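The structure appears below as structure tokens.
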Amino acid sequence: MAVFGTVFMPEMALTRFENDAWSETEFVSADAIQMHPGAHVLHYSSTCFEGLKAFKHEDGSINIFRMDKNIERFAQSSRLLNLPEIDKAQVEKMILDVVAKYSSEVPEPPGSMYIRPTHVGTEASIGKAAAPSATSMLYVLLSPVGDYFAGGLKPLRLLLDETGMRCAPHMGMVKSGGNYASALPPILKAREEVQADQILFCPNGDVQETGAANFLLVDGNEIITKALDSTFLHGVTRATVLQLAKDHGMTVSERELTVAELLERAAKPGTEAALSGTAAVLTPVGTLIHNEKEYQVGNGEAGPITMKLRQALNDIQWGKAEDTHNWLVKIKS
């Protein structure tokens with residue numbers, strides 16, 4: 001398949017918030033949107049989005065994974081950016097309808113249909129640097145994707161950064177484009193200087209997240225990750241993996257994790273580390289780079305627990321295991 005996220009379905013579902021009300025949903029061409037050059041989003045970054053997937057099962061049915069959780073976070077991001085309050089029921093119907101429209105285009109596993117709801121401020125007012133947009137546009141874009149790691153699942157190299165942050169602390173739990181942009185300069189620098197795949201942001205020694213994924217540490221039967229707060233993104237895949245870990249009898253510890261503890265635990269032979277996200281699912285971490293030294297995590301390879309949890313998640317998404325938590329929503333044909 002083409003590079004992940006570069007192919008789109010011909011149409012998308014769209015609604016606009018004007019005169020204090022959302023318009024009727026319409027299907028429009030997915031290759032262009034109309035917006036004034038003075039639109040709030042283009043100057044003051046009033047934008048948020050979500051990422052979720054639809055999967056094709058062996059019986060031919062199409063199933064969307066954890067849509068309710070993503071819509072809740074979408075509503076939260078919109079509120080925190082002071083964008084117009086979304087109509088969650090309308091957004092759910094937009095997702096269901098546009099996926100149903102292109103159900104025949106959902107790839108077979110390990111592929112899926114990536115779903116990208118997006119909300120942007122559209123009011124034409126460059127004088128509103130300190131005020132929210134009164135109007136907005138919300139659309140749902142579809143992109144059929146293959147395996148994120150088409151070249152094979154290789155353990156990642158992470159640079160531990162104790163001086164910077166991915167984004168402003170009060171913006172961490174907002175899924176906004178600006179947060180990803182702000183993390184790019186240090187990530188690109190780390191790739192060039194130490195060949196790191198990503199930066200693990202650890203301000204003042206507090207292990208948080210990478211530029212685009214949550215971080216998980218596995219030590220024996222325990223899985224450790226930072227407790228939820230406003231400084232980092234509350235990943236849906238993160239929450240899913242933690243629940244699966246509990247289902248497998250593991251101890252889940254959501255707490256503060258310091259760089260010192262991380263490096264100490266990583267040195268143990270059986271330790272594993274991973275990144276979780278919608279696109280990457282659960283990706284092993286093999287090397288940590290800190291103060292110009294490299295530290296191997298466990299044996300440096302993809303660990304058995306990481307791969308077991310990844311497979312357990314995939315099996316539910318692909319309909320090969322029972323969906324005991326009712327995470328899937330089947331598209332009505």
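Please note that chains go A, B, ... in the order of the structure tokens, that every chain numbers its residues from 1, and that ligands are numbered from 1 in the order shown.
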
Skip range 14-24 of chain A itself and residues of its chain fewer than 2 positions away, then list as a PyMOL selection string all residues within 6 Å of it, counting only C-alpha atoms.
-> chain A and resi 26+135-139

For the residues in that selection, give me N, CA, C and O atoms as an mmCIF file, in the first residue's frame.
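Writing the result to part18.cif gives the following:
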```
data_model
loop_
_atom_site.group_PDB
_atom_site.id
_atom_site.type_symbol
_atom_site.label_atom_id
_atom_site.label_comp_id
_atom_site.auth_asym_id
_atom_site.auth_seq_id
_atom_site.Cartn_x
_atom_site.Cartn_y
_atom_site.Cartn_z
ATOM 1 N N GLU A 26 -23.295 16.927 5.625
ATOM 2 C CA GLU A 26 -23.293 16.697 4.185
ATOM 3 C C GLU A 26 -22.022 15.966 3.787
ATOM 4 O O GLU A 26 -21.008 16.036 4.478
ATOM 5 N N THR A 135 -17.255 30.606 15.080
ATOM 6 C CA THR A 135 -17.718 29.637 14.080
ATOM 7 C C THR A 135 -16.653 28.559 13.907
ATOM 8 O O THR A 135 -15.470 28.755 14.216
ATOM 9 N N SER A 136 -17.082 27.400 13.410
ATOM 10 C CA SER A 136 -16.121 26.319 13.202
ATOM 11 C C SER A 136 -16.620 25.354 12.135
ATOM 12 O O SER A 136 -17.771 25.422 11.691
ATOM 13 N N MET A 137 -15.723 24.476 11.748
ATOM 14 C CA MET A 137 -16.027 23.433 10.775
ATOM 15 C C MET A 137 -15.529 22.107 11.332
ATOM 16 O O MET A 137 -14.439 22.037 11.918
ATOM 17 N N LEU A 138 -16.329 21.068 11.177
ATOM 18 C CA LEU A 138 -15.983 19.737 11.663
ATOM 19 C C LEU A 138 -16.171 18.748 10.529
ATOM 20 O O LEU A 138 -17.235 18.708 9.907
ATOM 21 N N TYR A 139 -15.133 17.980 10.237
ATOM 22 C CA TYR A 139 -15.251 16.994 9.168
ATOM 23 C C TYR A 139 -14.625 15.669 9.584
ATOM 24 O O TYR A 139 -13.803 15.613 10.502
#
```

Neighbour list for range 87-101 of chain A as a ChimeraX atom specification, cut-off 7 Å, only C-alpha atoms, skip fewer than 4 positions in-chain | /A:12-13,71,140,331

Convert the current residue selection to file output with all heavy atoms, as a short mmCIF file (atom, residue, chain, number, x, y, z; two decimals), in the first residue's frame.
```cif
data_model
loop_
_atom_site.label_atom_id
_atom_site.label_comp_id
_atom_site.auth_asym_id
_atom_site.auth_seq_id
_atom_site.Cartn_x
_atom_site.Cartn_y
_atom_site.Cartn_z
N MET A 12 -15.89 13.18 2.25
CA MET A 12 -15.86 13.20 3.71
C MET A 12 -17.18 13.76 4.22
O MET A 12 -17.91 14.44 3.48
CB MET A 12 -14.68 14.04 4.21
CG MET A 12 -14.72 15.49 3.80
SD MET A 12 -13.23 16.37 4.36
CE MET A 12 -13.52 18.00 3.65
N ALA A 13 -17.47 13.50 5.49
CA ALA A 13 -18.66 14.07 6.13
C ALA A 13 -18.27 15.40 6.75
O ALA A 13 -17.21 15.52 7.36
CB ALA A 13 -19.20 13.11 7.19
N ILE A 71 -14.58 9.94 20.75
CA ILE A 71 -15.50 11.08 20.66
C ILE A 71 -15.48 11.88 21.97
O ILE A 71 -15.52 13.12 21.95
CB ILE A 71 -16.93 10.61 20.31
CG1 ILE A 71 -16.97 10.08 18.88
CG2 ILE A 71 -17.94 11.75 20.48
CD1 ILE A 71 -18.30 9.49 18.46
N VAL A 140 -15.04 14.62 8.90
CA VAL A 140 -14.52 13.27 9.17
C VAL A 140 -13.92 12.74 7.88
O VAL A 140 -14.63 12.49 6.90
CB VAL A 140 -15.61 12.33 9.69
CG1 VAL A 140 -15.02 10.94 9.96
CG2 VAL A 140 -16.25 12.88 10.95
N ILE A 331 -20.71 -1.74 11.90
CA ILE A 331 -21.39 -0.90 10.92
C ILE A 331 -22.56 -1.69 10.34
O ILE A 331 -22.39 -2.83 9.90
CB ILE A 331 -20.43 -0.48 9.79
CG1 ILE A 331 -19.29 0.39 10.34
CG2 ILE A 331 -21.18 0.26 8.69
CD1 ILE A 331 -19.73 1.75 10.78
#
```

List every residue of range 101-313 of chain A that DSSP, applied to the backbone, labels as alpha helix (DSSP H), and write the result as a VMD selection string.
-> chain A and resid 101 177 to 194 236 to 247 259 to 266 304 to 313

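With distances restricted to only C-alpha atoms, A:Lys53 is the closest residue to Trp327 in chain A from A:His43, A:Lys53, A:Arg157, A:His36.
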
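The residue set within 9 Å of Val3 in chain A, counting only C-alpha atoms and dropping same-chain residues fewer than 2 places from it, reads Met1, Gly5, Thr6, Val7, Val145, Gly146 and Tyr148 of chain A.
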
Rank nothing, just name the residue among A:Leu263, A:Thr271, A:Ala32, A:His40 nearest to Lys128 in chain A, using only C-alpha atoms.
-> A:His40

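Distances to Val41 in chain A were evaluated for A:Leu233, A:Val28, A:Val120, A:Ala266 using only C-alpha atoms, and the minimum falls at A:Val120.
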
Counting only C-alpha atoms, what is within 12 Å of Pro169 in chain A, bar same-chain residues fewer than 3 positions away, as an MDAnalysis selection string?
-> chainID A and resid 164:166 172:174 179 201 203 208 229:233

Which residues come within 10 Å of range 313-324 of chain A, counting only C-alpha atoms, excluding same-chain residues fewer than 3 positions away, as a PyMOL selection string?
-> chain A and resi 53-59+61-66+108-112+237+240-241+244+281-282+307-310+327-328

Just how far from CA of Thr225 in chain A is CA of Ile115 in chain A, in Å to one decimal?
-> 26.7 Å
